[in-house]
$ cat upload.cif   # mmCIF, C-alpha atoms and all ligand atoms
data_run
loop_
_atom_site.label_atom_id
_atom_site.label_comp_id
_atom_site.auth_asym_id
_atom_site.auth_seq_id
_atom_site.Cartn_x
_atom_site.Cartn_y
_atom_site.Cartn_z
CA MET A 77 9.27 14.49 26.00
CA HIS A 78 6.27 12.39 26.98
CA ALA A 79 6.79 10.34 30.15
CA HIS A 80 6.97 7.14 28.17
CA ASN A 81 8.89 8.62 25.26
CA GLU A 82 5.85 7.92 23.21
CA ILE A 83 5.34 9.60 19.88
CA LEU A 84 2.51 9.46 17.43
CA ALA A 85 3.17 9.06 13.71
CA ALA A 86 0.31 9.34 11.22
CA LEU A 87 0.56 7.83 7.75
CA ALA A 88 -1.27 9.87 5.15
CA GLY A 89 -1.33 9.53 1.40
CA GLN A 90 -3.47 9.24 -1.66
CA PRO A 91 -5.23 5.92 -2.27
CA ASN A 92 -2.88 3.18 -3.47
CA SER A 93 0.28 5.09 -2.60
CA GLY A 94 1.51 2.23 -0.42
CA LYS A 95 0.50 3.49 3.05
CA SER A 96 -0.55 0.07 4.29
CA THR A 97 2.59 -1.56 2.94
CA VAL A 98 4.65 0.99 4.88
CA PHE A 99 2.40 0.54 7.92
CA ASN A 100 2.89 -3.24 7.85
CA TYR A 101 6.65 -2.88 7.64
CA LEU A 102 6.77 -0.42 10.55
CA THR A 103 4.40 -2.18 12.92
CA GLY A 104 4.72 -5.85 11.92
CA LEU A 105 2.29 -7.89 13.96
CA HIS A 106 1.61 -5.15 16.49
CA GLN A 107 -1.60 -3.98 14.84
CA SER A 108 -5.21 -3.51 15.72
CA ILE A 109 -8.22 -2.34 13.76
CA GLY A 110 -10.94 -0.06 15.07
CA ASN A 111 -12.97 2.86 13.81
CA PHE A 112 -12.37 6.57 13.88
CA PRO A 113 -14.75 8.13 16.43
CA GLY A 114 -18.29 8.57 15.18
CA VAL A 115 -17.72 7.22 11.69
CA THR A 116 -17.46 3.86 9.97
CA VAL A 117 -14.06 4.61 8.47
CA SER A 118 -11.76 1.90 9.77
CA LYS A 119 -8.65 2.88 11.68
CA LYS A 120 -5.56 0.71 11.73
CA GLU A 121 -3.20 1.34 14.59
CA GLY A 122 0.08 -0.24 15.54
CA HIS A 123 3.34 0.48 17.24
CA TYR A 124 7.06 -0.18 17.14
CA HIS A 125 10.11 0.73 19.15
CA ASP A 126 13.18 2.64 18.07
CA GLY A 127 15.74 2.86 20.87
CA GLU A 128 14.04 4.61 23.78
CA LEU A 129 11.12 5.73 21.61
CA ARG A 130 7.80 3.96 21.31
CA ILE A 131 6.14 5.04 18.11
CA GLU A 132 2.38 4.72 17.77
CA VAL A 133 1.43 4.55 14.11
CA VAL A 134 -1.97 5.27 12.59
CA ASP A 135 -2.73 4.30 8.99
CA LEU A 136 -5.03 7.12 7.87
CA PRO A 137 -7.59 6.61 5.10
CA GLY A 138 -6.35 7.37 1.60
CA THR A 139 -7.29 10.89 0.46
CA TYR A 140 -6.54 12.88 -2.68
CA SER A 141 -6.73 16.12 -0.75
CA LEU A 142 -7.93 17.55 2.54
CA THR A 143 -10.24 20.11 1.01
CA SER A 144 -13.51 18.40 0.25
CA TYR A 145 -16.04 16.95 2.60
CA SER A 146 -15.73 13.25 2.00
CA GLN A 147 -15.76 11.29 5.23
CA GLU A 148 -12.19 10.07 4.64
CA GLU A 149 -10.89 13.58 4.13
CA ARG A 150 -12.67 14.88 7.19
CA VAL A 151 -11.43 12.00 9.32
CA THR A 152 -7.86 12.55 8.13
CA ARG A 153 -7.96 16.30 8.63
CA ASP A 154 -9.60 16.06 12.07
CA PHE A 155 -7.15 13.42 13.19
CA LEU A 156 -4.14 15.52 12.21
CA LEU A 157 -5.50 18.70 13.78
CA LEU A 158 -6.88 17.22 17.00
CA GLU A 159 -4.35 14.50 17.77
CA GLN A 160 -1.38 16.58 16.67
CA PRO A 161 0.97 13.73 15.79
CA GLU A 162 4.65 14.43 16.30
CA VAL A 163 5.17 13.31 12.71
CA ALA A 164 2.95 12.94 9.69
CA VAL A 165 4.34 10.76 6.94
CA CYS A 166 2.92 11.46 3.51
CA VAL A 167 3.40 8.40 1.33
CA VAL A 168 3.54 9.49 -2.30
CA ASP A 169 3.79 7.60 -5.57
CA ALA A 170 7.08 8.72 -7.12
CA SER A 171 5.86 7.63 -10.56
CA ASN A 172 2.95 10.10 -10.26
CA LEU A 173 4.75 12.79 -8.33
CA ARG A 174 2.97 15.88 -9.63
CA ARG A 175 -0.46 14.53 -8.77
CA HIS A 176 0.68 13.34 -5.35
CA LEU A 177 2.40 16.58 -4.38
CA PHE A 178 -1.02 18.18 -4.09
CA LEU A 179 -1.68 16.41 -0.80
CA VAL A 180 1.87 17.16 0.39
CA PHE A 181 1.21 20.90 -0.03
CA GLN A 182 -2.01 20.64 1.92
CA LEU A 183 -0.27 18.78 4.73
CA LEU A 184 2.44 21.45 4.79
CA GLU A 185 -0.29 24.01 5.32
CA LEU A 186 -1.46 22.18 8.44
CA GLN A 187 2.00 22.88 9.87
CA ILE A 188 2.50 19.42 11.28
CA PRO A 189 6.05 18.06 11.20
CA LEU A 190 6.11 16.22 7.90
CA VAL A 191 8.18 13.52 6.25
CA VAL A 192 7.61 12.60 2.62
CA CYS A 193 8.04 8.92 1.81
CA LEU A 194 8.78 8.91 -1.91
CA ASN A 195 7.42 5.43 -2.57
CA MET A 196 7.27 3.32 -5.74
CA MET A 197 10.79 4.28 -6.70
CA ASP A 198 11.00 0.97 -8.57
CA THR A 199 8.17 2.01 -10.88
CA ALA A 200 9.58 5.52 -11.30
CA LYS A 201 12.98 4.08 -12.24
CA ARG A 202 11.44 1.55 -14.59
CA ARG A 203 9.71 4.42 -16.37
CA GLY A 204 13.01 6.24 -16.69
CA MET A 205 12.04 8.99 -14.29
CA ASN A 206 14.92 10.63 -12.55
CA ILE A 207 13.77 12.47 -9.45
CA ASP A 208 16.12 14.95 -7.84
CA VAL A 209 15.43 14.01 -4.22
CA GLN A 210 17.71 16.67 -2.76
CA LYS A 211 16.07 19.40 -4.76
CA LEU A 212 12.62 18.15 -3.81
CA GLU A 213 13.69 18.23 -0.17
CA GLN A 214 14.94 21.80 -0.52
CA GLU A 215 11.80 22.96 -2.25
CA LEU A 216 9.46 21.34 0.25
CA GLY A 217 11.57 22.09 3.31
CA VAL A 218 10.92 18.64 4.79
CA PRO A 219 12.83 15.34 4.66
CA VAL A 220 12.13 13.19 1.61
CA VAL A 221 12.91 9.48 1.92
CA PRO A 222 12.95 7.47 -1.32
CA ALA A 223 11.54 3.97 -0.90
CA THR A 224 10.19 0.87 -2.56
CA ALA A 225 7.88 -0.34 0.16
CA ARG A 226 7.04 -3.58 -1.64
CA THR A 227 10.62 -4.76 -1.18
CA ASN A 228 11.20 -2.81 2.09
CA GLU A 229 13.82 -0.66 0.38
CA GLY A 230 14.29 2.67 2.11
CA LEU A 231 11.98 1.84 5.00
CA ALA A 232 14.77 1.52 7.57
CA ASP A 233 15.73 5.07 6.54
CA LEU A 234 12.12 6.12 6.96
CA ARG A 235 12.11 4.79 10.53
CA LYS A 236 15.27 6.73 11.27
CA THR A 237 13.84 9.91 9.78
CA ILE A 238 10.58 9.56 11.73
CA SER A 239 12.56 9.38 14.99
CA GLU A 240 14.79 12.30 14.03
CA VAL A 241 11.85 14.54 13.15
CA ALA A 242 9.97 13.52 16.29
CA LYS A 243 12.97 14.35 18.46
CA ARG A 244 13.42 17.68 16.72
CA HIS A 245 9.82 18.48 17.57
CA ALA A 246 10.08 17.29 21.16
CA HIS A 247 8.17 20.37 22.31
CA TYR A 248 5.17 18.77 20.67
CA THR A 249 5.72 15.66 22.73
CA GLU A 250 6.18 17.51 26.01
CA SER A 251 2.77 19.06 25.65
CA ARG A 252 1.10 16.02 24.11
CA GLU A 253 -1.05 15.35 27.20
CA HIS A 254 -2.30 18.93 27.27
CA HIS A 255 -3.01 18.99 23.58
CA HIS A 256 -4.78 15.67 23.54
CA HIS A 257 -8.41 16.11 22.53
CA SER A 258 -8.25 19.86 22.92
CA PRO A 259 -9.47 21.94 20.01
CA PRO A 260 -6.82 22.89 17.49
CA ALA A 261 -5.06 26.19 17.91
CA PRO A 262 -5.83 28.74 15.21
CA LEU A 263 -3.49 28.14 12.33
CA ALA A 264 -1.15 30.80 11.16
CA PRO A 265 -1.03 31.04 7.39
CA ALA A 266 1.64 28.63 6.24
CA PRO A 267 4.33 29.76 3.87
CA ARG A 268 3.40 28.32 0.51
CA PRO A 269 6.16 26.38 -1.17
CA ARG A 270 7.15 28.33 -4.25
CA PRO A 271 6.97 26.64 -7.61
CA SER A 272 10.36 25.49 -8.68
CA PRO A 273 12.00 27.54 -11.43
CA SER A 274 13.51 24.40 -12.96
CA PRO A 275 11.90 20.97 -13.24
CA LEU A 276 12.34 18.47 -10.41
CA ILE A 277 11.89 15.49 -12.65
N1 LIG A 301 5.75 -1.35 -7.50
C1 LIG A 301 5.49 -1.05 -6.25
N2 LIG A 301 4.32 -1.39 -5.72
C2 LIG A 301 4.07 -1.07 -4.44
C3 LIG A 301 5.03 -0.40 -3.64
N3 LIG A 301 4.49 -0.20 -2.41
C4 LIG A 301 3.26 -0.74 -2.45
N4 LIG A 301 3.00 -1.27 -3.66
C5 LIG A 301 1.78 -1.93 -4.12
O1 LIG A 301 0.79 -0.94 -4.34
C6 LIG A 301 -0.51 -1.44 -4.00
C7 LIG A 301 -1.16 -0.53 -2.99
O2 LIG A 301 -0.44 -0.60 -1.76
P1 LIG A 301 -1.14 -0.33 -0.36
O3 LIG A 301 -0.08 -0.43 0.67
O4 LIG A 301 -2.33 -1.18 -0.18
O5 LIG A 301 -1.59 1.18 -0.60
P2 LIG A 301 -2.51 2.07 0.34
O6 LIG A 301 -2.00 3.45 0.21
O7 LIG A 301 -2.61 1.50 1.69
O8 LIG A 301 -3.90 1.96 -0.41
P3 LIG A 301 -5.36 2.35 0.17
O9 LIG A 301 -5.40 1.96 1.63
O10 LIG A 301 -6.29 1.57 -0.68
O11 LIG A 301 -5.49 3.81 -0.03
C8 LIG A 301 -0.28 -2.86 -3.49
O12 LIG A 301 -0.50 -3.74 -4.54
C9 LIG A 301 1.19 -2.86 -3.09
O13 LIG A 301 1.78 -4.13 -3.16
C10 LIG A 301 6.27 -0.06 -4.23
O14 LIG A 301 7.17 0.56 -3.64
N5 LIG A 301 6.44 -0.41 -5.54
MG MG A 302 -4.30 0.99 2.86
#

$ encode --input "upload.cif" --output "structure tokens" --more "lines below"
Ligand SMILES: Nc1nc2c(ncn2[C@@H]2O[C@H](COP(=O)(O)OP(=O)(O)OP(=O)(O)O)[C@@H](O)[C@H]2O)c(=O)[nH]1
Ligand SMILES: [Mg+2]
Amino acid sequence: MHAHNEILAALAGQPNSGKSTVFNYLTGLHQSIGNFPGVTVSKKEGHYHDGELRIEVVDLPGTYSLTSYSQEERVTRDFLLLEQPEVAVCVVDASNLRRHLFLVFQLLELQIPLVVCLNMMDTAKRRGMNIDVQKLEQELGVPVVPATARTNEGLADLRKTISEVAKRHAHYTESREHHHHSPPAPLAPAPRPRPSPSPLI
């Protein structure tokens, strides 16, 4: 692991999914605002500690996908590929799950350790939606943490999961200094998650 047990966690998600609410919970007052290199897209960074780990958190711009050439999408994609965070957290709106899973699939294809924060569970419940979290986890092959960021529900679990995933991918951390700012390695084709035979919702 990195000499200072430092890991990088990137928060991705579609606009209005609750990324900044999650970011504020995680980092509290330890925040600063800058710009991503070469562009005017603002970059919020912060950090927190979990045991021996220091977690640097970046609140990425909201993007519906990583395919098109909007500045936000390019910034998000470049950040994930070049900085190689130990964990990417995709914050999704549980009450609009189908639409939000699109970005999750694209993040899976980047082959970065991923955690899905299934946010807005309050809204989903209010609308009578019953999401099978275990099944979603199995289908995606990554941890799914249900949360209601507005009331901090589930966010302690999210912290725990971020640390667990980061530790599991400690090889990332060991080589962080070498990988920093080096061009991304060619990506092997990612296994595409198969559509579920029975509905998740
Ligand atoms: N009902 C509900 N509202 C939430 C929850 N989390 C966040 N919100 C609200 O959703 C809105 C958007 O939250 P943000 O944290 O700003 O979302 P964001 O993803 O950072 O949005 P952009 O940066 O604009 O892409 C705010 O009004 C939040 O208060 C939640 O779990 N439940
Ligand atoms: Mg935001």

$ closest_residue --input "upload.cif" --among "A:Arg226, A:Gln187, A:Gln214, A:Asn81" --to "Gly127 of chain A" --atoms "all atoms listed in the file"
A:Asn81

$ atom_distance --input "upload.cif" --atom1 "atom CA of Gly104 of chain A" --atom2 "atom CA of His123 of chain A"
8.4 Å

$ residues_near_ligand --input "upload.cif" --ligand "ligand LIG 301 (chain A)" --cutoff "7 Å" --atoms "only C-alpha atoms and all ligand atoms" --output "PyMOL selection string"
chain A and resi 89-98+137-138+195-199+223-227

$ closest_residue --input "upload.cif" --among "A:Glu148, A:Glu215, A:Asp126, A:Asp154" --to "Leu186 of chain A" --atoms "only C-alpha atoms"
A:Asp154

$ closest_residue --input "upload.cif" --among "A:Gly204, A:Pro113, A:Leu158, A:Val167" --to "ligand MG 302 (chain A)" --atoms "all atoms listed in the file"
A:Val167

$ closest_residue --input "upload.cif" --among "A:Gly230, A:Gly114, A:Pro219, A:Gly122" --to "Ala164 of chain A" --atoms "all atoms listed in the file"
A:Pro219

$ closest_residue --input "upload.cif" --among "A:Thr237, A:Asn100, A:Ser141, A:Asn172" --to "Cys193 of chain A" --atoms "only C-alpha atoms"
A:Thr237

$ closest_residue --input "upload.cif" --among "A:Leu183, A:Ile109, A:Ala200, A:Leu190" --to "Val220 of chain A" --atoms "all atoms listed in the file"
A:Leu190

$ residues_near_point --input "upload.cif" --point "(3.5, 15.1, 5.8)" --cutoff "8 Å" --atoms "all atoms listed in the file" --output "MDAnalysis selection string"
chainID A and resid 88 163:166 180 183:184 188:192

$ atom_distance --input "upload.cif" --atom1 "atom CA of Phe112 of chain A" --atom2 "atom CA of Leu177 of chain A"
25.5 Å

$ atom_distance --input "upload.cif" --atom1 "atom CA of Gln210 of chain A" --atom2 "atom CA of Ala170 of chain A"
14.0 Å

$ axis_aligned_box --input "upload.cif" --around "segment 190-193 of chain A" --padding-each-side "6 Å" --output "AutoDock Vina command-line options"
--center_x 7.1 --center_y 12.6 --center_z 4.9 --size_x 14.1 --size_y 19.3 --size_z 18.1

$ decode --input "upload.cif" --residues "segment 121-174 of chain A" --atoms "C-alpha atoms" --output "tab-separated table (two decimals), in the first residue's frame"
chain	number	residue	atom	x	y	z
A	121	GLU	CA	-11.67	17.62	-3.46
A	122	GLY	CA	-11.66	16.58	0.15
A	123	HIS	CA	-10.43	13.91	2.48
A	124	TYR	CA	-11.30	11.85	5.52
A	125	HIS	CA	-9.70	9.19	7.65
A	126	ASP	CA	-10.85	5.65	8.30
A	127	GLY	CA	-8.56	3.87	10.74
A	128	GLU	CA	-5.09	3.88	9.19
A	129	LEU	CA	-6.43	4.96	5.80
A	130	ARG	CA	-6.53	8.50	4.49
A	131	ILE	CA	-9.09	8.70	1.75
A	132	GLU	CA	-8.84	11.49	-0.81
A	133	VAL	CA	-12.23	12.11	-2.37
A	134	VAL	CA	-12.96	13.82	-5.67
A	135	ASP	CA	-16.50	14.90	-6.56
A	136	LEU	CA	-16.58	14.36	-10.33
A	137	PRO	CA	-18.91	16.36	-12.58
A	138	GLY	CA	-22.33	14.81	-13.14
A	139	THR	CA	-22.50	12.83	-16.40
A	140	TYR	CA	-25.22	10.73	-18.01
A	141	SER	CA	-22.63	8.57	-19.71
A	142	LEU	CA	-18.95	8.49	-20.60
A	143	THR	CA	-19.47	8.13	-24.32
A	144	SER	CA	-20.02	11.58	-25.75
A	145	TYR	CA	-17.64	14.46	-25.97
A	146	SER	CA	-19.07	16.92	-23.51
A	147	GLN	CA	-16.37	18.51	-21.39
A	148	GLU	CA	-17.82	16.95	-18.22
A	149	GLU	CA	-17.77	13.47	-19.70
A	150	ARG	CA	-14.25	13.87	-20.99
A	151	VAL	CA	-13.03	15.21	-17.65
A	152	THR	CA	-14.67	12.33	-15.79
A	153	ARG	CA	-13.36	9.68	-18.16
A	154	ASP	CA	-9.82	11.11	-18.23
A	155	PHE	CA	-9.74	11.43	-14.48
A	156	LEU	CA	-10.75	7.80	-13.96
A	157	LEU	CA	-8.31	6.47	-16.56
A	158	LEU	CA	-5.31	8.63	-15.71
A	159	GLU	CA	-5.58	8.92	-11.93
A	160	GLN	CA	-6.70	5.33	-11.47
A	161	PRO	CA	-8.57	5.78	-8.19
A	162	GLU	CA	-8.55	2.78	-5.88
A	163	VAL	CA	-12.34	3.10	-5.77
A	164	ALA	CA	-14.93	4.75	-7.93
A	165	VAL	CA	-18.29	5.27	-6.28
A	166	CYS	CA	-21.19	5.59	-8.67
A	167	VAL	CA	-24.03	7.40	-6.95
A	168	VAL	CA	-27.31	6.35	-8.54
A	169	ASP	CA	-30.90	7.43	-8.02
A	170	ALA	CA	-32.72	4.30	-6.83
A	171	SER	CA	-36.04	5.78	-7.93
A	172	ASN	CA	-34.73	5.97	-11.51
A	173	LEU	CA	-32.60	2.86	-11.45
A	174	ARG	CA	-32.88	1.76	-15.07
